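Q: There's a structure below that I have some questions on.
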Amino acid sequence: MQLRLWLSLPIGALALIAWPAVSYASVGVGVQAAPVRLDGVAHPGGQYALPPVYVVNTGTETESIAITVERISPGTGRSVPPGWITASSPPVQLSRAQSARIPLQLTVPRTAAPGRYFSDVVAKGSASVSAGGARLGVAAATDLEFTVTPGAASGGWFSAPGWVLPYVLGVVVVGALAVGVRRSGVRIRVERVPASTGPGGKRNHVA
Amino acid sequence: MSRRARVLLVPLLLALAGCGTAAAAQQAAGRSGSISLSLTTVPTIRSVTISPGQASFTHCTGGDGGANTRSTSRKLGFPNGSCWVGSSVSGSYPITVQNTGIGSNILISGSSADPADGGDSWNLCNAGGAGAVACTGNGRKPGPDQYKVLNFSSWGTWHRGISGTPRCDQVFGPSGSCWAVQGMVVTEGLELIGPQWSSDTSTNWTVTITWTPVPGRQN
C-alpha cells in the first residue's frame, strides 16, 4: 500500500510538468484600438506619413503580420482605395507576445475627390491553426480616417527624389572646400614619378 | 589653522550661506516644483485569439452510394456531402474564440477552398445578406465547384453560411449579436457542405476561416 502511494507521487508530479505540453496552440493578432488619423488634411497629389500602427501577436505561434486596407466596420465617408495606403515595411515577423509599429504612407492621387475618407486598417496574421482540413486564422481591425480638401499638396512646386538633396549638399561642401583652399594660398601639387627601367631591362626600385 | 586659510575659508562659508538664502527666497516667491506620479490605464488593444482544441472534420455524411462517391467518416462525398468540426446535435464546439482585447464586434469570413494540386478552387457560397454569392445547386445547396460553411455555437447555427467578406459572427452571442466584451470566450463548431461536383480531382483541400474583431459599441 505504501509502495503504491510512493509511486503515485512521482507520477502525479510528471503529469503536472507535462500539463503545459498538452495545452493547444493558438493564433492571435492585436491592433491598436485608437484610429489611424492623419494630422491635418490631405490634398490631391500629396504624399503623407500616417502615424505608425501598433500590432501585437497574442497567440502562441509565431506570426507574420501584414497590413491591408478594407472597409469592414460601420462608419461614414468615402471608402479608402487600398492602393492609396502602403506599409513602409514588409510583413513583420512576431513571436509570442511581441509587438511592432508599422509605418504607413498615404498617397492621394491628383484625381482624388475631396471629402472625408473612412476604412479599416486590418492586421492579418499569416499563421493558422488547423481544425482537420480547415485552417483557422485571425485578423484585427482599427479605423482609418482622413480628409481630402482641394488645393495644392504641401510638397510645393518642386519635388525630387530623396537622394537629390544630399547630393547637392555634398557638391556645395566640396566646392566650398576648394574655394577655401584656393584663397588660403595653400598649394597642393600632385606629381607622378615616371617608372624608369635599368640597363638590363630591370626596373630601378627606389627604397 | 593659519591666517591665510582663514582668509580663504570665511568668504567661502559666506558664499555658501548666501546661496541657501537666495534659494529659500526664490522658493518663497513661488518657484515651481514638481512631483512624479504614475498612472495605469486599461489596455487599448483590439485582439482575438483562436485555439482549435482537437478539432477535425469528422462525421461526414451524404453523397451518392450508387456512384461510389458516398462520404466516409472522415472523407467528403459528392454530391453535396457534409463534414463536421464538432456537432450541433451533441453540443460539441471544439474551436475556442476569445476576445483578448477591448470590447469589439467579432466578424467571421471564409476563403475559397484550394486543392493541394493548385488547380481550380471551390468558391464559398451562402444564402442572402450583404456580399452573398448564391449557391446554385438543387435546393440552394452548393453547385459545381461551390461549397458552404455554417458555424454554430451554443447560441445557435448560422444557416445562411459564412461569407467571403467579414460579416458579424451571428452565433457569437444571443439574438445574433457579435458583440464581445473583453475576455469573452465562445466555443464554436463548423459544418462544411461540399460541391455538387468538383472540376479538380484533388482529394486534399484547404479552407481558411478567419475571425476579425472590429471597432464597435455595445447597444
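Each chain of the C-alpha cells is named A, B, ... in the order shown, its residues numbered from 1; ligands are numbered from 1 in display order.
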Apply DSSP to the backbone of this structure and, from range 26-194 of chain A, keep only the residues in helix (DSSP H, G or I); write these as a VMD selection string.

A: chain A and resid 82 to 84 164 to 184

Q: Let's have the selection written as a PDB file, in the first residue's frame, with C-alpha atoms.

A:
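As a result, out.pdb now contains:
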ATOM      1  CA  PRO A  82      -6.443  50.152 -50.854  1.00  0.00           C
ATOM      2  CA  GLY A  83      -3.801  51.382 -53.313  1.00  0.00           C
ATOM      3  CA  TRP A  84      -3.604  54.722 -51.515  1.00  0.00           C
ATOM      4  CA  VAL A 164      18.948  64.760 -54.682  1.00  0.00           C
ATOM      5  CA  LEU A 165      19.237  66.900 -51.531  1.00  0.00           C
ATOM      6  CA  PRO A 166      22.263  65.040 -50.007  1.00  0.00           C
ATOM      7  CA  TYR A 167      23.935  65.040 -53.430  1.00  0.00           C
ATOM      8  CA  VAL A 168      23.513  68.805 -53.863  1.00  0.00           C
ATOM      9  CA  LEU A 169      24.746  69.421 -50.308  1.00  0.00           C
ATOM     10  CA  GLY A 170      27.822  67.274 -50.996  1.00  0.00           C
ATOM     11  CA  VAL A 171      28.651  69.236 -54.155  1.00  0.00           C
ATOM     12  CA  VAL A 172      28.270  72.538 -52.277  1.00  0.00           C
ATOM     13  CA  VAL A 173      30.565  71.359 -49.442  1.00  0.00           C
ATOM     14  CA  VAL A 174      33.264  70.135 -51.876  1.00  0.00           C
ATOM     15  CA  GLY A 175      33.038  73.439 -53.825  1.00  0.00           C
ATOM     16  CA  ALA A 176      33.336  75.492 -50.640  1.00  0.00           C
ATOM     17  CA  LEU A 177      36.403  73.483 -49.573  1.00  0.00           C
ATOM     18  CA  ALA A 178      38.045  74.027 -52.976  1.00  0.00           C
ATOM     19  CA  VAL A 179      37.416  77.782 -52.847  1.00  0.00           C
ATOM     20  CA  GLY A 180      38.697  77.953 -49.249  1.00  0.00           C
ATOM     21  CA  VAL A 181      41.908  76.090 -50.095  1.00  0.00           C
ATOM     22  CA  ARG A 182      42.497  78.305 -53.137  1.00  0.00           C
ATOM     23  CA  ARG A 183      42.026  81.525 -51.187  1.00  0.00           C
ATOM     24  CA  SER A 184      44.227  80.386 -48.294  1.00  0.00           C
TER      25      SER A 184
END

Q: What lies within 6 Å of range 142-158 of chain B using only C-alpha atoms, ignoring chain neighbours under 3 positions off, as a ChimeraX atom specification?

A: /B:122-125,135-137,161-162,171,174,188-198

Q: Please determine the contact residues of chain B with respect to chain A at a cut-off of 6 Å, counting only C-alpha atoms, and supply them as a PDB file with C-alpha atoms, in the first residue's frame.

A:
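Written out: iface08.pdb:
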ATOM      1  CA  THR B  44      -6.381  49.688 -25.597  1.00  0.00           C
ATOM      2  CA  ILE B  45      -5.638  46.789 -27.916  1.00  0.00           C
ATOM      3  CA  ARG B  46      -8.223  45.092 -30.097  1.00  0.00           C
ATOM      4  CA  SER B  47      -7.376  41.418 -30.469  1.00  0.00           C
ATOM      5  CA  VAL B  48      -8.753  37.916 -30.821  1.00  0.00           C
ATOM      6  CA  THR B  49      -7.155  34.542 -30.162  1.00  0.00           C
ATOM      7  CA  ILE B  50      -8.241  31.225 -31.641  1.00  0.00           C
ATOM      8  CA  SER B  51      -7.486  27.759 -30.346  1.00  0.00           C
ATOM      9  CA  PRO B  52      -8.749  24.732 -32.248  1.00  0.00           C
ATOM     10  CA  GLY B  53      -8.545  22.154 -29.495  1.00  0.00           C
ATOM     11  CA  ALA B  55     -10.888  19.873 -33.907  1.00  0.00           C
ATOM     12  CA  SER B  56     -11.060  17.985 -37.186  1.00  0.00           C
ATOM     13  CA  PHE B  57     -13.617  17.328 -39.917  1.00  0.00           C
ATOM     14  CA  THR B 206      -7.670  23.604 -47.652  1.00  0.00           C
ATOM     15  CA  VAL B 207     -10.177  26.168 -46.432  1.00  0.00           C
ATOM     16  CA  THR B 208      -9.443  29.083 -44.113  1.00  0.00           C
ATOM     17  CA  ILE B 209     -11.903  30.589 -41.655  1.00  0.00           C
ATOM     18  CA  THR B 210     -10.863  33.936 -40.154  1.00  0.00           C
ATOM     19  CA  TRP B 211     -12.191  35.805 -37.133  1.00  0.00           C
ATOM     20  CA  THR B 212     -11.652  39.595 -37.026  1.00  0.00           C
ATOM     21  CA  PRO B 213     -12.507  41.999 -34.174  1.00  0.00           C
ATOM     22  CA  VAL B 214     -13.562  45.443 -35.427  1.00  0.00           C
TER      23      VAL B 214
END

Q: Set the distance at 7 Å and use only C-alpha atoms: which residues neighbour Pro166 in chain B once local chain neighbours fewer than 6 positions away are removed? I'd like the list as a list in words.

A: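 Listing them by chain and then by number gives Ile72 of chain A; Leu107, Ile108 and Ser109 of chain B.
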
Q: Go ahead and save the residues from that selection, with N, CA and C atoms, as an mmCIF file, in the first residue's frame.

A:
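Output saved as part-v7.cif:
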data_model
loop_
_atom_site.group_PDB
_atom_site.id
_atom_site.type_symbol
_atom_site.label_atom_id
_atom_site.label_comp_id
_atom_site.auth_asym_id
_atom_site.auth_seq_id
_atom_site.Cartn_x
_atom_site.Cartn_y
_atom_site.Cartn_z
ATOM 1 N N ILE A 72 -14.665 47.349 -43.492
ATOM 2 C CA ILE A 72 -15.446 46.287 -42.862
ATOM 3 C C ILE A 72 -16.190 46.730 -41.617
ATOM 4 N N LEU B 107 -16.148 39.594 -36.296
ATOM 5 C CA LEU B 107 -16.582 39.222 -37.642
ATOM 6 C C LEU B 107 -15.963 37.877 -38.020
ATOM 7 N N ILE B 108 -16.617 37.208 -38.948
ATOM 8 C CA ILE B 108 -16.099 35.920 -39.431
ATOM 9 C C ILE B 108 -16.150 35.917 -40.954
ATOM 10 N N SER B 109 -15.183 35.290 -41.578
ATOM 11 C CA SER B 109 -15.157 35.189 -43.047
ATOM 12 C C SER B 109 -14.471 33.889 -43.446
#

Q: Using only C-alpha atoms, find the one residue out of A:Val53, A:Glu61, A:Pro150, A:Val69 that sits nearest to Thr111 in chain A.

A: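 Of A:Val53, A:Glu61, A:Pro150, A:Val69, the one nearest Thr111 in chain A is A:Pro150, counting only C-alpha atoms.
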
Q: Would you list, as a list in words, the residues of range 19-56 of chain A that end up in strand (DSSP E) under DSSP run on this structure's backbone?

A: Val27, Gly28, Val29, Gly30, Val31, Gln32, Val36, Arg37, Gln47, Tyr48, Ala49, Leu50, Pro51, Pro52, Val53, Tyr54, Val55 and Val56 of chain A

Q: Keeping only C-alpha atoms, write the selected residues as a PDB file, in the first residue's frame.

A:
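Writing done, so here's again.pdb:
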ATOM      1  CA  VAL A  27      -3.159  32.086 -33.078  1.00  0.00           C
ATOM      2  CA  GLY A  28      -3.894  35.678 -32.174  1.00  0.00           C
ATOM      3  CA  VAL A  29      -3.418  39.154 -33.578  1.00  0.00           C
ATOM      4  CA  GLY A  30      -3.982  42.513 -31.932  1.00  0.00           C
ATOM      5  CA  VAL A  31      -4.010  46.054 -33.232  1.00  0.00           C
ATOM      6  CA  GLN A  32      -4.225  49.450 -31.566  1.00  0.00           C
ATOM      7  CA  VAL A  36      -5.200  55.818 -37.508  1.00  0.00           C
ATOM      8  CA  ARG A  37      -5.757  59.505 -38.308  1.00  0.00           C
ATOM      9  CA  GLN A  47       2.106  62.073 -50.015  1.00  0.00           C
ATOM     10  CA  TYR A  48       1.724  61.868 -46.250  1.00  0.00           C
ATOM     11  CA  ALA A  49       3.181  59.772 -43.460  1.00  0.00           C
ATOM     12  CA  LEU A  50       0.392  58.324 -41.315  1.00  0.00           C
ATOM     13  CA  PRO A  51       1.027  57.501 -37.658  1.00  0.00           C
ATOM     14  CA  PRO A  52       2.569  54.010 -37.400  1.00  0.00           C
ATOM     15  CA  VAL A  53       0.078  51.323 -36.455  1.00  0.00           C
ATOM     16  CA  TYR A  54       0.772  49.125 -33.412  1.00  0.00           C
ATOM     17  CA  VAL A  55       0.366  45.361 -33.892  1.00  0.00           C
ATOM     18  CA  VAL A  56       0.922  42.514 -31.443  1.00  0.00           C
TER      19      VAL A  56
END

Q: So that I can check the surroundings of Thr149 in chain A, please list as a PyMOL selection string every protein, DNA and RNA residue that reaches within 8 Å of it, counting only C-alpha atoms and ignoring chain neighbours fewer than 5 positions away.

A: chain A and resi 41-44+114-115

Q: Quick one, how far is CA of Ile102 in chain A from CA of Thr147 in chain A?

A: 21.5 Å

Q: Would you compute the distance between CA of Ser111 in chain B and CA of Gly164 in chain B? Give it in Å to one decimal.

A: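 Straight-line distance from CA of Ser111 in chain B to CA of Gly164 in chain B works out to 5.8 Å.
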
Q: Distance CA of Thr165 in chain B-CA of Ser79 in chain A, one decimal place?

A: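 Value for the CA of Thr165 in chain B-CA of Ser79 in chain A distance: 15.3 Å.
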